[in-house]
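All remarks here apply to the structure that follows.
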Amino acid sequence: TTTPPDSIAAMAAPKKKIAVMTSGGDSPGMNGVVRAVVRTAIHLGCDAFAVYEGYEGLVRGGDYIKRMEWHDVRGWLSEGGTLIGTARCMAFYERPGRMTAAKNMVLHGIDALIICGGDGSLTGADKFRAEWPSLLEELVSKGELTKDQVAPYKHLNIVGIVGSIDNDLSGTDATVGCYSALARICEMVDYIEATASSHSRAFVIEVMGRHCGWLALLAGVASGADFIFIPERPQPQDWREDMGNVVTRHRSLGKRKTIVIVAEGARDKDGNKITPEDVRDLLADKTEDGLGLDTRITTLGHVQRGGTAVAYDRMLGTLQGVEAVHAVLEATPDTETCFIAINENKIVRKPLMEAVQDTKKVAAAVDAKDFEKAMSLRDAEFSDQYFSYLTTTNVMVGDNKLPEKNRMKIGFINVGAPAGGMNAAVRAAVAYCISRGHEPVGIHNGFAGFARHHGDKPLGAVRPFNWLEVDGWASKGGSEIGTNRELPADSGMDLIADLIEQYGFDALFIVGGFEAFHSVSQLRKAREEYPSLCIPICLLPATISNNVPGTEYSLGSDTCLNELVNYCDKVKQSASATRRRVFVIETQGGRSGYIATLSGLNVGASAVYIPEEGISLAMLNADVNHLKQEFKNDRGQSRAGRLILVNEKASKVYDAKLIASIIREEAHDRFESRESIPGHVQQGGAPSPMDRCRAVRLAIKCIQHLEDFGCHAHNRVKKDPNSTAVIGIQGSDVVFTPMKDLEERGTDWPNRRPKTAHWLGLRDVVDMLGGRPDYPRPE
Ligand code: ATP
């Protein structure tokens with residue numbers, strides 16, 4: 001065979017040297033970024049370096065800039081903070097400091113720098129890049145470097161990744177670390193709620209966010225807080241009066257606890273700081289103007305930064321790290337400096353300085369008390385969630401009500417297995433319905449419950465919601481209205497159609513997984529025969545398997561991924577004494593390899609086996625040989641065992657137990673192998689904040705979608721395919737897809753999953769980062 005000319009050129013070209021650095025405040029997930037950059041760079045034939053201690057390391061040079069090998073970053077995904085250190089560096093603010101940094105980069109031969117940090121770090125990076133030619137010129141003119149030395153480094157190639165717990169950078173939906181911080185906050189709020197409720201107390205909880213209220217806002221939405229204070233949106237009038245009204249109303253409805261979340265940077269409409277003490281004083285005030293509640297303050301502080309990264313941050317850091325290396329290699333002198341963002345579910349490159357400037361504009365707008373502008377500069381999710389918060393907390397008041405004739409009776413059903421976020425979705429949709437004057441009605445225990453217990457007294461299957469009860473569901477796992485796998489046709493379509501007519505439902509809101517999808521499909525097809533089914537029906541996908549056509553994300557899948565991350569970390573660590581052990585972990589997921597693959601990405605699996613691909617003897621052989629090689633080369637760097645993830649339906653023959661036995665047999669005592677089956681643990685306990693927040697946001701959108709059709713819209717419902725729709729996140733958008741399109745074109749019915757798996761490309765990333773060998777994949 002002849003080598004193609006491109007490859008010869010590539011072989012002849014000097015190796016690129018790519019350095020990665022973490023800077024500013026540390027955030028969980030930064031280690032995932034470093035691991036991904038190092039391994040991707042090496043995989044693509046480059047040399048990888050780490051700059052220790054942020055810009056300080058760049059200015060100091062020497063040992064602070066270290067060559068990184070493949071094994072140096074083993075196990076880093078499950079470590080919190082940043083293992084290469086970070087610092088605030090005064091010297092880098094000044095030109096002489098940056099000049100020394102430039103010199104050190106040239107001396108180490110670094111071509112490109114990937115920086116993971118906040119907006120300050122990225123501003124510094126852009127300044128560095130802009131000055132670069134003049135810095136080199138000056139270094140030459142001062143005789144510190146020669147012309148020849150600087151010749152290969154005409155342009156500085158920089159790519160940013162936003163690592164910050166605040167989620168304060170414009171242009172990206174999430175920063176690496178923000179969902180971990182949110183998870184820590186919500187966990188603490190959940191703990192506090194129990195004691196607050198026991199003593200009927202009020203708690204004022206201060207969370208981080210000097211200029212950005214994202215953490216406070218999302219924590220408020222996820223935990224169903226009574227009131228929040230964020231910098232971007234002070235109360236338009238008197239916050240004391242507003243908060244007093246809300247808290248008094250909630251208490252008068254029977255609530256025993258009051259939770260108020262205050263962002264560090266909270267202020268009133270005049271720009272005066274609102275402190276937790278101010279809030280407490282009002283809540284605790286026993287005079288006539290006050291609320292007289294037993295009130296405590298909890299400041300969460302650095303707990304929010306701590307701990308290991310949640311599943312989402314591992315995924316985000318890893319994918320952004322991989323993308324950053326590609327961006328570096330594809331950049332030309334004319335390419336604008338970019339950073340790696342995520343919009344909904346899509347990793348994208350965006351101009352760095354624009355984002356930094358927009359971010360600064362938010363702070364400026366807040367300072368100028370132009371709060372409309374501050375809100376408009378935040379992303380779409382932020383204003384959606386602000387609306388969610390207002391809706392769920394101000395249920396009983398406001399001028400949001402629709403005219404009487406447009407108010408609908410909406411039936412709520414959960415179908416399939418429970419998934420994290422189902423209750424949060426129902427709670428938010430109920431609150432939204434009440435705020436609009438609709439009548440939300442719970443249909444308990446799925447279609448089976450509807451069909452068999454509709455008339456039962458006193459706890460029939462069809463019951464109006466009690467606001468107080470539902471309000472406590474924000475953080476609850478499982479399904480409070482009960483769920484069941486039975487399809488409407490199995491319960492009897494005659495009966496279901498008849499019941500819908502009897503109860504006079506104007507619309508149905510269904511939450512569930514593939515069975516729910518199938519149910520909606522049956523209802524749609526039965527419309528011809530049963531006019532009572534000509535009502536708008538909307539499905540909000542919720543299943544840990546994430547196998548519902550029409551969306552790349554289902555409620556509950558994030559909770560499941562977090563459970564698996566925790567499980568795998570523990571299992572892996574259990575081997576730290578023996579070191580030489582491979583765990584074969586069986587995941588759920590039906591015939592979709594989504595959770596196995598994403599978990600593989602999040603824990604750094606050596607191999608992942610999925611139903612989309614099957615398992616062949618050749619694969620097992622290659623993987624066993626790979627493991628043998630790995631253990632042979634392991635000179636004690638690895639502190640824990642290795643993991644293989646296998647989906648429960650990847651193969652009819654090779655299950656986790658058999659794979660573990662094969663590995664054990666082939667290892668000839670050089671290493672051990674065990675199977676490990678987490679089972680229903682994967683459904684999770686308390687749903688993750690991401691599942692809760694997305695549940696709220698998407699559920700409200702679903703009801704708005706139903707509302708759009710209004711009551712008695714039989715004719716429009718018949719004509720408009722969107723009258724039976726699935727809400728979903730697709731790429732960077734939230735969309736409704738007509739059921740009919742999905743049934744006909746998007747669904748692999750026998751395998752109960754979408755025809756195209758949006759995540760399938762991630763399998764290659766898992767393999768690449770796990771160092772898995774190439775071998776022919778089964779068709
Ligand atoms: P966080 O979100 O945690 O605040 P950050 O990256 O914004 O992270 P900063 O302290 O603002 O944190 O910046 C980190 C480092 O980046 C600084 O210590 C400094 O070395 C460098 N840096 C920040 N802003 C600039 C700037 N305008 N010019 C040059 N360097 C800067």
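Every chain in the structure tokens has a letter given in the order shown (A, B, ...), and although residue numbers restart at 1 in each chain, ligands are simply numbered from 1 in the order shown.
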
Report as a JSON list (two decimals) with C-alpha atoms, in the first residue's frame which protein, DNA and RNA residues come within 9 Å of ligand 1, using only C-alpha atoms and all ligand atoms.
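Below is the file result_5.json, written as the result:
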[["chain", "number", "residue", "atom", "x", "y", "z"],
["A", 22, "THR", "CA", -7.25, 25.77, 34.55],
["A", 23, "SER", "CA", -7.63, 29.30, 35.86],
["A", 24, "GLY", "CA", -9.77, 31.43, 38.19],
["A", 25, "GLY", "CA", -12.02, 29.71, 40.71],
["A", 26, "ASP", "CA", -11.92, 25.92, 40.54],
["A", 27, "SER", "CA", -15.01, 24.05, 39.46],
["A", 54, "GLY", "CA", -3.09, 28.89, 36.01],
["A", 55, "TYR", "CA", -1.40, 31.99, 34.60],
["A", 56, "GLU", "CA", 0.96, 31.94, 37.57],
["A", 86, "THR", "CA", -5.38, 27.17, 39.75],
["A", 87, "ALA", "CA", -4.46, 30.60, 41.06],
["A", 88, "ARG", "CA", -5.25, 34.26, 40.74],
["A", 89, "CYS", "CA", -2.21, 35.82, 39.10],
["A", 90, "MET", "CA", -1.59, 39.53, 39.51],
["A", 91, "ALA", "CA", 1.43, 39.52, 37.20],
["A", 92, "PHE", "CA", -0.67, 38.45, 34.23],
["A", 93, "TYR", "CA", -2.76, 41.61, 34.43],
["A", 94, "GLU", "CA", 0.35, 43.56, 33.40],
["A", 95, "ARG", "CA", 2.21, 43.45, 30.11],
["A", 98, "ARG", "CA", 2.38, 38.41, 29.90],
["A", 116, "CYS", "CA", -10.57, 26.47, 31.19],
["A", 117, "GLY", "CA", -11.71, 29.30, 33.43],
["A", 118, "GLY", "CA", -14.18, 32.08, 34.03],
["A", 119, "ASP", "CA", -14.70, 35.32, 32.13],
["A", 120, "GLY", "CA", -11.66, 36.93, 33.77],
["A", 121, "SER", "CA", -9.40, 34.11, 32.63],
["A", 122, "LEU", "CA", -10.81, 34.22, 29.13],
["A", 123, "THR", "CA", -10.42, 38.02, 28.95],
["A", 124, "GLY", "CA", -6.80, 37.59, 29.94],
["A", 125, "ALA", "CA", -6.43, 34.91, 27.27],
["A", 126, "ASP", "CA", -7.80, 37.12, 24.56],
["A", 127, "LYS", "CA", -5.59, 40.02, 25.59],
["A", 128, "PHE", "CA", -2.60, 37.68, 25.47],
["A", 162, "VAL", "CA", -15.80, 28.03, 30.45],
["A", 163, "GLY", "CA", -15.16, 26.52, 33.83],
["A", 164, "SER", "CA", -17.18, 28.24, 36.51],
["A", 165, "ILE", "CA", -19.78, 27.27, 39.05],
["A", 166, "ASP", "CA", -21.75, 30.49, 38.49],
["A", 167, "ASN", "CA", -22.85, 29.79, 34.92],
["A", 168, "ASP", "CA", -22.28, 33.44, 34.21],
["A", 169, "LEU", "CA", -20.89, 33.44, 30.70]]

Surrounding residues of Pro236 of chain A excluding itself and chain neighbours under 2 positions, 7 Å, only C-alpha atoms, as a PyMOL selection string = chain A and resi 234+238+269

Write the residues you've just listed into a file as an mmCIF file, in the first residue's frame, and include N, CA and C atoms for each of them.
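Output (result-v3.cif):
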data_model
loop_
_atom_site.group_PDB
_atom_site.id
_atom_site.type_symbol
_atom_site.label_atom_id
_atom_site.label_comp_id
_atom_site.auth_asym_id
_atom_site.auth_seq_id
_atom_site.Cartn_x
_atom_site.Cartn_y
_atom_site.Cartn_z
ATOM 1 N N PRO A 234 -34.461 42.438 40.327
ATOM 2 C CA PRO A 234 -35.015 42.785 41.633
ATOM 3 C C PRO A 234 -36.528 42.931 41.531
ATOM 4 N N ASP A 238 -41.627 47.177 46.063
ATOM 5 C CA ASP A 238 -41.002 46.992 47.360
ATOM 6 C C ASP A 238 -40.831 45.501 47.627
ATOM 7 N N LYS A 269 -34.405 47.276 43.734
ATOM 8 C CA LYS A 269 -34.541 47.990 42.473
ATOM 9 C C LYS A 269 -33.671 49.250 42.411
#

message = I'd like the neighbourhood of segment 571-574 of chain A as a count of residues only, where a residue qualifies if any of its atoms comes within 12 Å (using only C-alpha atoms), though same-chain residues fewer than 5 positions away should be ignored.
response = 30

message = Under the rule that only C-alpha atoms are counted, which of A:Ser383, A:Ser479, A:Asn751, A:Thr258 is the nearest residue to Glu232 of chain A?
response =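 Of A:Ser383, A:Ser479, A:Asn751, A:Thr258, the one nearest Glu232 of chain A, counting only C-alpha atoms, is A:Ser383.
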
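Interatomic distance, atom CA of Thr359 of chain A against atom CA of Ala112 of chain A: 24.8 Å.
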
How close does each residue of segment 528-640 of chain A get to segment 406-417 of chain A, giving the shortest atom pair and distance in Å to one decimal for every residue with an atom at most 9 Å away, counting only C-alpha atoms, sorted by chain and residue number, as JSON lines?
{"residue": "A:Ala542", "atom": "CA", "partner": "A:Ala417", "partner_atom": "CA", "distance": 8.8}
{"residue": "A:Thr543", "atom": "CA", "partner": "A:Ala417", "partner_atom": "CA", "distance": 7.1}
{"residue": "A:Ile544", "atom": "CA", "partner": "A:Ala417", "partner_atom": "CA", "distance": 8.8}

ask   = Asn625 of chain A: which residues within 12 Å, counting only C-alpha atoms, same-chain residues fewer than 6 positions away excluded, as a list in words?
value = Ser606, Ala618, Met619, Phe631, Lys632, Ile662, Ile663, Glu666, Ala667, Arg772, Pro773, Asp774 and Tyr775 of chain A

task = Just give me the gap between atom CA of Arg753 of chain A and atom CA of Met690 of chain A in Å, one decimal is fine.
result =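 For atom CA of Arg753 of chain A relative to atom CA of Met690 of chain A, the distance reads 22.8 Å.
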
request  = Give the strand (DSSP E or B) residues of segment 397-546 of chain A, as assigned by DSSP on the backbone, as a list in words.
outcome  =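 Output for segment 397-546 of chain A, strand (DSSP E or B) only: Lys409, Ile410, Gly411, Phe412, Ile413, Asn414, Val415, Glu439, Pro440, Val441, Gly442, Ile443, Val462, Arg463, Pro464, Thr483, Asn484, Ala507, Leu508, Phe509, Ile510, Val511, Gly512, Ile537, Cys538, Leu539, Leu540, Pro541 and Ala542 of chain A.
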
message = Please determine, counting only C-alpha atoms, which residue among A:Asn647, A:Ser732, A:Ser223, A:Thr597 has the shortest atom-to-atom distance to Asp691 of chain A.
response = A:Ser223

task = Run DSSP on the backbone and give me the residues of segment 288-431 of chain A it puts in helix (DSSP H, G or I), as a PyMOL selection string.
result = chain A and resi 301-304+311-330+352-367+371-377+380-393+404-406+422-431

task = For Leu282 of chain A, list every protein, DNA or RNA residue within 9 Å, evaluated using only C-alpha atoms, and leave out those in the same chain fewer than 2 positions away; present the list as a list in words.
result = Arg240, Gly244, Glu277, Asp278, Val279, Arg280, Ala284, Asp285, Lys286, Asp289, Gly290, Leu291, Gly292 and Leu293 of chain A

Selected residues written out with C-alpha atoms, as a compact mmCIF listing (two decimals), in the first residue's frame:
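Resulting contents of selection_11.txt:
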# COMPACT_ATOMS: atom_id res chain seq x y z
CA ARG A 240 -40.45 43.51 51.47
CA GLY A 244 -44.37 39.25 52.63
CA GLU A 277 -29.98 39.28 57.45
CA ASP A 278 -32.33 41.82 55.84
CA VAL A 279 -34.55 38.99 54.68
CA ARG A 280 -34.43 37.21 58.00
CA ALA A 284 -38.81 37.00 61.88
CA ASP A 285 -40.28 40.40 62.70
CA LYS A 286 -42.94 39.88 65.32
CA ASP A 289 -45.63 44.57 59.77
CA GLY A 290 -43.59 41.42 60.06
CA LEU A 291 -44.29 37.73 59.55
CA GLY A 292 -43.21 36.50 62.95
CA LEU A 293 -41.63 33.28 61.71

message = Measuring between only C-alpha atoms, which one of A:Cys212, A:Val653, A:Ala622, A:Leu377 shows the shortest distance to Gln357 of chain A?
response =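 When distances to Gln357 of chain A are compared using only C-alpha atoms, the smallest one comes from A:Leu377.
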
inquiry  = Calculated over only C-alpha atoms, which of the candidates A:Thr391, A:Ala507, A:Glu515, A:Trp749 has the smallest distance to Gly446 of chain A?
reply    =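 For Gly446 of chain A, the nearest of the candidates is A:Glu515.
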
request  = Excluding Val189 of chain A and any residue of its chain fewer than 6 positions from it, enumerate the residues within 10 Å of it, using only C-alpha atoms, and give them as a ChimeraX atom specification.
outcome  = /A:183,196,203,205,219-220,222-225,259,261,298,300,475

request  = Would you mind listing what lies within 9 Å of Ala596 of chain A as a PyMOL selection string, with only C-alpha atoms counted and same-chain residues fewer than 2 positions away left out?
outcome  = chain A and resi 561+586-589+592-594+598-601+608-610+645-647

ask   = Looking at A:Val34, A:Met99, A:Ile434, A:Ala380, which one is nearest to Met68 of chain A, with distances taken over only C-alpha atoms?
value = A:Val34
